[in-house]
>>> print(open('work_16.csv').read())   # CSV, C-alpha atoms
chain,number,residue,atom,x,y,z
A,14,MET,CA,-7.9,62.6,127.0
A,15,GLU,CA,-11.0,61.2,128.6
A,16,PRO,CA,-13.6,60.9,125.8
A,17,ASP,CA,-11.2,59.7,123.1
A,18,TRP,CA,-8.8,57.6,125.1
A,19,ILE,CA,-9.3,54.3,126.9
A,20,ASN,CA,-7.3,52.3,129.4
A,21,LEU,CA,-5.6,48.9,129.0
A,22,SER,CA,-8.6,46.8,130.2
A,23,GLU,CA,-11.1,48.6,128.0
A,24,ALA,CA,-8.9,48.2,125.0
A,25,ALA,CA,-8.5,44.5,125.7
A,26,GLU,CA,-12.2,44.1,126.0
A,27,LEU,CA,-12.9,45.8,122.7
A,28,LEU,CA,-10.2,43.7,120.9
A,29,GLY,CA,-11.3,40.5,122.6
A,30,VAL,CA,-7.7,39.6,123.7
A,31,HIS,CA,-5.9,39.4,127.0
A,32,PRO,CA,-4.6,42.7,128.5
A,33,ALA,CA,-1.1,41.4,128.3
A,34,THR,CA,-1.5,41.2,124.5
A,35,VAL,CA,-2.6,44.8,124.3
A,36,ARG,CA,0.3,45.8,126.6
A,37,ALA,CA,2.8,44.1,124.3
A,38,TRP,CA,1.3,45.6,121.2
A,39,GLY,CA,1.5,49.1,122.8
A,40,ASP,CA,5.1,48.6,123.9
A,41,LYS,CA,6.1,47.4,120.4
A,42,GLY,CA,4.4,50.3,118.7
A,43,GLU,CA,1.9,48.0,117.0
A,44,LEU,CA,-0.9,49.8,118.7
A,45,PRO,CA,-0.4,53.6,119.3
A,46,MET,CA,-0.6,54.7,122.9
A,47,GLN,CA,0.3,57.4,125.3
A,48,ARG,CA,1.1,57.3,129.0
A,49,THR,CA,-0.5,59.4,131.7
A,50,PRO,CA,1.6,61.3,134.1
A,51,GLY,CA,1.3,58.3,136.4
A,52,GLY,CA,2.7,56.0,133.8
A,53,HIS,CA,-0.6,54.3,132.8
A,54,ARG,CA,-1.2,53.3,129.2
A,55,ARG,CA,-3.9,55.0,127.3
A,56,PHE,CA,-5.1,54.0,123.8
A,57,ARG,CA,-7.1,56.1,121.3
A,58,ARG,CA,-10.6,54.5,121.1
A,59,ALA,CA,-10.9,55.1,117.3
A,60,GLU,CA,-7.7,53.2,116.6
A,61,VAL,CA,-8.6,50.3,118.9
A,62,GLU,CA,-12.1,50.1,117.3
A,63,ALA,CA,-10.6,50.2,113.8
A,64,ARG,CA,-8.2,47.4,114.7
A,65,ALA,CA,-11.0,45.3,116.2
A,66,GLU,CA,-13.1,45.7,113.1
A,67,THR,CA,-10.3,44.7,110.8
A,68,ALA,CA,-9.5,41.7,113.1
A,69,ASP,CA,-13.2,40.6,113.0
A,70,ARG,CA,-13.3,40.8,109.2
A,71,THR,CA,-10.1,38.8,108.9
A,72,GLN,CA,-11.2,36.2,111.5
A,73,ILE,CA,-14.6,35.7,109.7
A,74,GLY,CA,-12.7,35.3,106.4
A,75,GLY,CA,-10.5,32.7,108.0
A,76,MET,CA,-13.5,30.9,109.4
A,77,GLN,CA,-15.2,30.9,106.0
A,78,LEU,CA,-12.0,29.3,104.6
A,79,VAL,CA,-12.2,26.6,107.3
A,80,VAL,CA,-15.9,25.9,106.5
A,81,GLN,CA,-15.2,25.7,102.7
A,82,ASN,CA,-12.5,23.1,103.4
A,83,MET,CA,-14.8,21.2,105.7
A,84,VAL,CA,-17.4,21.0,103.0
A,85,GLY,CA,-14.9,19.9,100.4
A,86,ARG,CA,-13.5,17.2,102.7
A,87,ALA,CA,-17.0,15.9,103.5
A,88,ARG,CA,-17.8,15.6,99.8
A,89,LEU,CA,-14.6,13.8,99.2
A,90,GLU,CA,-15.2,11.4,102.0
A,91,LEU,CA,-18.6,10.5,100.8
A,92,SER,CA,-17.7,10.2,97.1
A,93,ASP,CA,-14.5,8.2,97.2
A,94,GLY,CA,-15.9,5.2,99.0
A,95,ALA,CA,-13.8,5.6,102.2
A,96,LEU,CA,-16.9,4.9,104.4
A,97,ASN,CA,-17.3,1.5,102.8
A,98,ASP,CA,-14.5,0.2,104.9
A,99,GLU,CA,-16.4,1.0,108.1
A,100,ALA,CA,-18.2,-2.0,109.6
A,101,TRP,CA,-21.0,0.2,111.0
A,102,TYR,CA,-21.6,1.8,107.6
A,103,GLN,CA,-22.0,-1.6,106.0
A,104,ARG,CA,-25.0,-2.2,108.3
A,105,LEU,CA,-26.9,0.8,107.0
A,106,ASP,CA,-29.2,0.6,103.9
A,107,GLU,CA,-29.3,3.3,101.3
A,108,SER,CA,-32.1,5.2,103.1
A,109,ALA,CA,-30.1,5.2,106.4
A,110,ARG,CA,-27.0,6.3,104.6
A,111,GLN,CA,-28.9,9.2,103.1
A,112,GLN,CA,-30.1,10.2,106.6
A,113,LEU,CA,-26.6,10.0,107.8
A,114,ARG,CA,-25.5,12.4,105.1
A,115,GLN,CA,-28.3,14.8,105.9
A,116,ILE,CA,-27.3,14.9,109.6
A,117,GLY,CA,-23.7,15.5,108.5
A,118,HIS,CA,-24.9,18.4,106.4
A,119,GLN,CA,-26.8,19.8,109.3
A,120,LEU,CA,-23.7,19.7,111.4
A,121,LEU,CA,-21.7,21.4,108.7
A,122,HIS,CA,-24.3,24.1,108.4
A,123,LEU,CA,-24.2,24.6,112.1
A,124,PHE,CA,-20.4,25.1,112.0
A,125,GLN,CA,-20.8,27.5,109.1
A,126,GLN,CA,-23.3,29.6,111.1
A,127,TYR,CA,-21.3,29.5,114.3
A,128,LEU,CA,-17.8,29.9,113.0
A,129,THR,CA,-18.8,32.9,110.9
A,130,GLN,CA,-20.6,34.5,113.8
A,131,LYS,CA,-24.1,34.1,112.3
A,132,ALA,CA,-25.2,32.1,115.3
A,133,GLY,CA,-24.4,32.7,118.9
A,134,LEU,CA,-23.0,30.1,121.3
A,135,SER,CA,-26.3,29.4,123.0
A,136,ALA,CA,-28.2,28.8,119.8
A,137,ALA,CA,-25.3,26.7,118.4
A,138,ARG,CA,-25.1,24.5,121.4
A,139,ALA,CA,-28.9,23.9,121.4
A,140,GLU,CA,-28.7,22.9,117.7
A,141,ALA,CA,-25.7,20.6,118.5
A,142,ARG,CA,-27.7,18.8,121.1
A,143,LYS,CA,-30.5,18.3,118.6
A,144,ILE,CA,-28.1,16.8,116.2
A,145,GLY,CA,-26.7,14.5,118.8
A,146,ARG,CA,-30.2,13.1,119.4
A,147,ASP,CA,-30.6,12.7,115.7
A,148,TYR,CA,-27.5,10.6,115.6
A,149,GLU,CA,-28.8,8.4,118.4
A,150,ARG,CA,-32.1,8.0,116.7
A,151,LEU,CA,-30.6,7.0,113.4
A,152,GLY,CA,-28.4,4.4,115.0
A,153,ARG,CA,-31.1,2.9,117.2
A,154,GLU,CA,-33.6,2.7,114.3
A,155,ASN,CA,-31.0,0.9,112.2
A,156,GLY,CA,-29.9,-1.6,114.8
A,157,LEU,CA,-26.6,-0.1,115.7
A,158,SER,CA,-25.2,-0.4,119.2
A,159,LEU,CA,-24.3,2.7,121.2
A,160,MET,CA,-20.6,2.0,120.4
A,161,GLU,CA,-21.3,1.7,116.6
A,162,THR,CA,-23.4,4.9,116.6
A,163,THR,CA,-20.7,6.7,118.5
A,164,ARG,CA,-18.1,5.5,115.9
A,165,ALA,CA,-20.3,6.8,113.1
A,166,TYR,CA,-20.3,10.2,114.8
A,167,LEU,CA,-16.6,10.2,115.7
A,168,TYR,CA,-15.7,9.4,112.1
A,169,PHE,CA,-17.4,12.6,111.0
A,170,ARG,CA,-15.9,14.6,113.9
A,171,GLU,CA,-12.4,13.4,113.0
A,172,PHE,CA,-12.4,14.9,109.6
A,173,LEU,CA,-13.7,18.2,111.0
A,174,SER,CA,-10.7,18.4,113.4
A,175,GLN,CA,-8.3,17.1,110.7
A,176,THR,CA,-9.4,19.9,108.4
A,177,VAL,CA,-8.3,22.5,110.9
A,178,TYR,CA,-5.0,20.7,111.6
A,179,ASP,CA,-4.2,20.4,107.8
A,180,MET,CA,-5.0,24.0,107.2
A,181,ALA,CA,-2.9,25.2,110.1
A,182,GLU,CA,0.0,23.2,108.8
A,183,THR,CA,-0.5,24.4,105.2
A,184,ILE,CA,-1.1,28.1,105.9
A,185,GLY,CA,0.9,28.3,109.1
A,186,THR,CA,0.1,29.2,112.6
A,187,GLN,CA,1.2,32.8,112.2
A,188,GLY,CA,-1.1,35.5,111.0
A,189,PRO,CA,-4.6,36.6,111.5
A,190,ILE,CA,-6.4,33.2,111.7
A,191,HIS,CA,-6.5,32.1,115.3
A,192,TRP,CA,-6.4,28.4,114.9
A,193,GLY,CA,-6.6,27.8,118.7
A,194,GLN,CA,-9.9,29.7,118.8
A,195,ILE,CA,-11.3,27.8,115.8
A,196,HIS,CA,-10.3,24.5,117.3
A,197,GLN,CA,-11.9,25.4,120.7
A,198,LYS,CA,-15.1,26.3,119.0
A,199,ILE,CA,-15.2,23.0,117.2
A,200,ILE,CA,-14.4,21.1,120.4
A,201,THR,CA,-17.2,22.9,122.2
A,202,ILE,CA,-19.9,22.0,119.6
A,203,THR,CA,-18.7,18.5,118.8
A,204,ASN,CA,-18.6,17.6,122.5
A,205,ASP,CA,-22.2,18.8,122.9
A,206,VAL,CA,-23.2,16.6,120.0
A,207,LEU,CA,-21.6,13.5,121.6
A,208,LEU,CA,-22.9,14.2,125.1
A,209,ALA,CA,-26.5,14.6,123.7
A,210,LEU,CA,-26.1,11.3,121.8
A,211,VAL,CA,-25.1,9.4,124.9
A,212,ALA,CA,-27.8,11.2,127.0
A,213,ALA,CA,-30.5,10.3,124.6
A,214,HIS,CA,-29.5,6.6,124.7
A,215,GLU,CA,-29.4,6.6,128.5
A,216,GLU,CA,-32.9,8.2,128.7
A,217,LEU,CA,-34.3,5.4,126.6
A,218,GLN,CA,-32.6,2.8,128.8
A,219,HIS,CA,-34.2,4.3,131.9
A,220,GLU,CA,-37.6,4.1,130.3
A,221,VAL,CA,-37.3,0.4,129.6
>>> encode(input="work_16.csv", output="structure tokens")
Amino acid sequence: MEPDWINLSEAAELLGVHPATVRAWGDKGELPMQRTPGGHRRFRRAEVEARAETADRTQIGGMQLVVQNMVGRARLELSDGALNDEAWYQRLDESARQQLRQIGHQLLHLFQQYLTQKAGLSAARAEARKIGRDYERLGRENGLSLMETTRAYLYFREFLSQTVYDMAETIGTQGPIHWGQIHQKIITITNDVLLALVAAHEELQHEV
């Protein structure tokens, strides 16, 4: 058994799930297993790796679907004049509005790279902090208060989150797309952007 069979913990690590999930799959027959004379579960490595590969492909496909909907929603928000109702947006001239769109595109690109596993967490968080500083600079250079700049960012963050909620409701929470994981990834990155925005403002206040 030893070369081709792995224990519960090893299977869970390969699949990226909790051992209890693997235990349930095995008990339900969803993941073939055998038991040792002592009653311990053993899983064939090749079958576990095949399931992990399939899950990765499906997850990436789901992430790409989320990104496509994010891009579509962003274009709609910018084209239908919805931003014109925002007081902070009225204070930006056309050049500043173009900069705001560029920063938004940078954030979308970051999510595309991160959600589809083309960028690791460390690199994604570093880029998120840079984007946060860009938001702060844009607001400051255009006379926005910290609250107004934060509102500008939160407006963008809201439609990112709403995209995930809408898709989960439309497609359903069952199936291969792990909405909770996608949402947690979005929260991690968007929080880093916001914290970097506030930190950049505070650093300038201390210099004055």
>>> residues_around(input="work_16.csv", residues="Leu105 (chain A)", least_positions_apart="5", cutoff="12 Å", atoms="all atoms listed in the file", output="MDAnalysis selection string")
chainID A and resid 96:97 99:100 110:114 151:157 161:162 165
>>> atom_distance(input="work_16.csv", atom1="CA of Ser135 (chain A)", atom2="CA of Lys198 (chain A)")
12.3 Å
>>> closest_residue(input="work_16.csv", among="A:Tyr168, A:Arg48, A:Tyr148, A:Leu159", to="Val206 (chain A)", atoms="only C-alpha atoms")
A:Tyr148
>>> atom_distance(input="work_16.csv", atom1="CA of Leu123 (chain A)", atom2="CA of Thr163 (chain A)")
19.3 Å
>>> atom_distance(input="work_16.csv", atom1="CA of Ala25 (chain A)", atom2="CA of Thr201 (chain A)")
23.5 Å
>>> residues_near_point(input="work_16.csv", point="(-27.7, 19.0, 117.1)", cutoff="10 Å", atoms="all atoms listed in the file", output="ChimeraX atom specification")
/A:116,119-120,123,137-148,202-203,205-207,209-210
>>> closest_residue(input="work_16.csv", among="A:Val211, A:Ala37, A:Leu28, A:Ala109", to="Ala59 (chain A)", atoms="only C-alpha atoms")
A:Leu28
>>> closest_residue(input="work_16.csv", among="A:Ile19, A:Arg36, A:Leu27, A:Phe124", to="Glu66 (chain A)", atoms="only C-alpha atoms")
A:Leu27
>>> closest_residue(input="work_16.csv", among="A:His118, A:His214, A:His31, A:Arg64", to="Pro45 (chain A)", atoms="only C-alpha atoms")
A:Arg64
>>> decode(input="work_16.csv", residues="region 18-65 of chain A", atoms="N, CA and C atoms", output="JSON list (two decimals), in the first residue's frame")
[["chain", "number", "residue", "atom", "x", "y", "z"],
["A", 18, "TRP", "N", -0.62, 4.73, -1.73],
["A", 18, "TRP", "CA", -1.74, 5.09, -0.86],
["A", 18, "TRP", "C", -1.29, 6.10, 0.18],
["A", 19, "ILE", "N", -2.16, 7.05, 0.47],
["A", 19, "ILE", "CA", -1.83, 8.11, 1.43],
["A", 19, "ILE", "C", -2.92, 8.17, 2.50],
["A", 20, "ASN", "N", -2.56, 8.77, 3.63],
["A", 20, "ASN", "CA", -3.51, 8.83, 4.73],
["A", 20, "ASN", "C", -4.46, 10.03, 4.58],
["A", 21, "LEU", "N", -5.34, 10.17, 5.55],
["A", 21, "LEU", "CA", -6.37, 11.20, 5.50],
["A", 21, "LEU", "C", -5.78, 12.61, 5.45],
["A", 22, "SER", "N", -4.81, 12.88, 6.30],
["A", 22, "SER", "CA", -4.21, 14.22, 6.35],
["A", 22, "SER", "C", -3.50, 14.57, 5.05],
["A", 23, "GLU", "N", -2.80, 13.60, 4.49],
["A", 23, "GLU", "CA", -2.09, 13.85, 3.24],
["A", 23, "GLU", "C", -3.07, 14.12, 2.10],
["A", 24, "ALA", "N", -4.16, 13.38, 2.08],
["A", 24, "ALA", "CA", -5.17, 13.59, 1.04],
["A", 24, "ALA", "C", -5.79, 14.97, 1.18],
["A", 25, "ALA", "N", -6.07, 15.38, 2.41],
["A", 25, "ALA", "CA", -6.67, 16.69, 2.65],
["A", 25, "ALA", "C", -5.74, 17.80, 2.21],
["A", 26, "GLU", "N", -4.45, 17.63, 2.46],
["A", 26, "GLU", "CA", -3.47, 18.64, 2.05],
["A", 26, "GLU", "C", -3.41, 18.76, 0.54],
["A", 27, "LEU", "N", -3.40, 17.63, -0.15],
["A", 27, "LEU", "CA", -3.37, 17.65, -1.61],
["A", 27, "LEU", "C", -4.61, 18.31, -2.20],
["A", 28, "LEU", "N", -5.75, 18.07, -1.57],
["A", 28, "LEU", "CA", -7.01, 18.59, -2.09],
["A", 28, "LEU", "C", -7.31, 20.01, -1.61],
["A", 29, "GLY", "N", -6.57, 20.46, -0.60],
["A", 29, "GLY", "CA", -6.80, 21.81, -0.09],
["A", 29, "GLY", "C", -8.09, 21.97, 0.67],
["A", 30, "VAL", "N", -8.53, 20.91, 1.35],
["A", 30, "VAL", "CA", -9.77, 20.95, 2.12],
["A", 30, "VAL", "C", -9.50, 20.42, 3.52],
["A", 31, "HIS", "N", -10.50, 20.56, 4.40],
["A", 31, "HIS", "CA", -10.36, 20.06, 5.77],
["A", 31, "HIS", "C", -10.42, 18.53, 5.76],
["A", 32, "PRO", "N", -9.65, 17.87, 6.63],
["A", 32, "PRO", "CA", -9.70, 16.40, 6.71],
["A", 32, "PRO", "C", -11.10, 15.85, 6.89],
["A", 33, "ALA", "N", -11.96, 16.59, 7.60],
["A", 33, "ALA", "CA", -13.34, 16.12, 7.80],
["A", 33, "ALA", "C", -14.08, 16.01, 6.47],
["A", 34, "THR", "N", -13.74, 16.89, 5.52],
["A", 34, "THR", "CA", -14.37, 16.84, 4.20],
["A", 34, "THR", "C", -13.95, 15.59, 3.46],
["A", 35, "VAL", "N", -12.64, 15.28, 3.53],
["A", 35, "VAL", "CA", -12.13, 14.08, 2.87],
["A", 35, "VAL", "C", -12.74, 12.84, 3.52],
["A", 36, "ARG", "N", -12.87, 12.85, 4.83],
["A", 36, "ARG", "CA", -13.47, 11.72, 5.55],
["A", 36, "ARG", "C", -14.90, 11.49, 5.06],
["A", 37, "ALA", "N", -15.64, 12.58, 4.91],
["A", 37, "ALA", "CA", -17.03, 12.46, 4.45],
["A", 37, "ALA", "C", -17.09, 11.94, 3.03],
["A", 38, "TRP", "N", -16.20, 12.45, 2.15],
["A", 38, "TRP", "CA", -16.17, 11.97, 0.76],
["A", 38, "TRP", "C", -15.90, 10.46, 0.72],
["A", 39, "GLY", "N", -14.93, 10.04, 1.56],
["A", 39, "GLY", "CA", -14.59, 8.63, 1.57],
["A", 39, "GLY", "C", -15.74, 7.77, 2.08],
["A", 40, "ASP", "N", -16.39, 8.22, 3.15],
["A", 40, "ASP", "CA", -17.49, 7.44, 3.72],
["A", 40, "ASP", "C", -18.69, 7.37, 2.79],
["A", 41, "LYS", "N", -18.87, 8.41, 1.96],
["A", 41, "LYS", "CA", -19.99, 8.42, 1.02],
["A", 41, "LYS", "C", -19.66, 7.72, -0.29],
["A", 42, "GLY", "N", -18.41, 7.31, -0.44],
["A", 42, "GLY", "CA", -18.00, 6.65, -1.68],
["A", 42, "GLY", "C", -17.65, 7.61, -2.79],
["A", 43, "GLU", "N", -17.59, 8.91, -2.48],
["A", 43, "GLU", "CA", -17.28, 9.90, -3.50],
["A", 43, "GLU", "C", -15.79, 9.93, -3.81],
["A", 44, "LEU", "N", -14.98, 9.45, -2.89],
["A", 44, "LEU", "CA", -13.54, 9.34, -3.08],
["A", 44, "LEU", "C", -13.13, 7.95, -2.63],
["A", 45, "PRO", "N", -12.76, 7.07, -3.57],
["A", 45, "PRO", "CA", -12.44, 5.68, -3.22],
["A", 45, "PRO", "C", -11.37, 5.60, -2.14],
["A", 46, "MET", "N", -11.55, 4.65, -1.22],
["A", 46, "MET", "CA", -10.60, 4.48, -0.13],
["A", 46, "MET", "C", -10.60, 3.04, 0.33],
["A", 47, "GLN", "N", -9.60, 2.69, 1.09],
["A", 47, "GLN", "CA", -9.53, 1.40, 1.77],
["A", 47, "GLN", "C", -9.18, 1.68, 3.23],
["A", 48, "ARG", "N", -9.40, 0.68, 4.05],
["A", 48, "ARG", "CA", -9.04, 0.80, 5.47],
["A", 48, "ARG", "C", -7.92, -0.17, 5.80],
["A", 49, "THR", "N", -7.04, 0.27, 6.66],
["A", 49, "THR", "CA", -5.97, -0.60, 7.13],
["A", 49, "THR", "C", -6.56, -1.58, 8.14],
["A", 50, "PRO", "N", -5.81, -2.63, 8.50],
["A", 50, "PRO", "CA", -6.30, -3.55, 9.53],
["A", 50, "PRO", "C", -6.66, -2.83, 10.83],
["A", 51, "GLY", "N", -6.05, -1.68, 11.06],
["A", 51, "GLY", "CA", -6.35, -0.91, 12.27],
["A", 51, "GLY", "C", -7.54, 0.03, 12.09],
["A", 52, "GLY", "N", -8.14, 0.04, 10.89],
["A", 52, "GLY", "CA", -9.32, 0.86, 10.65],
["A", 52, "GLY", "C", -9.04, 2.26, 10.13],
["A", 53, "HIS", "N", -7.80, 2.56, 9.80],
["A", 53, "HIS", "CA", -7.46, 3.89, 9.29],
["A", 53, "HIS", "C", -7.74, 3.99, 7.79],
["A", 54, "ARG", "N", -8.21, 5.14, 7.35],
["A", 54, "ARG", "CA", -8.54, 5.36, 5.95],
["A", 54, "ARG", "C", -7.27, 5.58, 5.14],
["A", 55, "ARG", "N", -7.24, 4.98, 3.96],
["A", 55, "ARG", "CA", -6.15, 5.19, 3.03],
["A", 55, "ARG", "C", -6.74, 5.48, 1.65],
["A", 56, "PHE", "N", -6.14, 6.46, 0.96],
["A", 56, "PHE", "CA", -6.64, 6.90, -0.34],
["A", 56, "PHE", "C", -5.54, 6.71, -1.39],
["A", 57, "ARG", "N", -5.97, 6.29, -2.58],
["A", 57, "ARG", "CA", -4.99, 6.10, -3.65],
["A", 57, "ARG", "C", -4.51, 7.47, -4.13],
["A", 58, "ARG", "N", -3.20, 7.67, -4.12],
["A", 58, "ARG", "CA", -2.62, 8.98, -4.45],
["A", 58, "ARG", "C", -3.06, 9.46, -5.82],
["A", 59, "ALA", "N", -3.04, 8.57, -6.82],
["A", 59, "ALA", "CA", -3.37, 8.98, -8.18],
["A", 59, "ALA", "C", -4.80, 9.51, -8.27],
["A", 60, "GLU", "N", -5.73, 8.89, -7.54],
["A", 60, "GLU", "CA", -7.12, 9.35, -7.58],
["A", 60, "GLU", "C", -7.29, 10.68, -6.87],
["A", 61, "VAL", "N", -6.56, 10.86, -5.78],
["A", 61, "VAL", "CA", -6.62, 12.14, -5.07],
["A", 61, "VAL", "C", -6.04, 13.25, -5.94],
["A", 62, "GLU", "N", -4.91, 12.99, -6.58],
["A", 62, "GLU", "CA", -4.28, 14.00, -7.43],
["A", 62, "GLU", "C", -5.16, 14.34, -8.62],
["A", 63, "ALA", "N", -5.84, 13.34, -9.18],
["A", 63, "ALA", "CA", -6.73, 13.58, -10.31],
["A", 63, "ALA", "C", -7.90, 14.47, -9.88],
["A", 64, "ARG", "N", -8.44, 14.20, -8.70],
["A", 64, "ARG", "CA", -9.56, 15.02, -8.20],
["A", 64, "ARG", "C", -9.09, 16.44, -7.92],
["A", 65, "ALA", "N", -7.89, 16.59, -7.38],
["A", 65, "ALA", "CA", -7.36, 17.92, -7.09],
["A", 65, "ALA", "C", -7.16, 18.71, -8.37]]
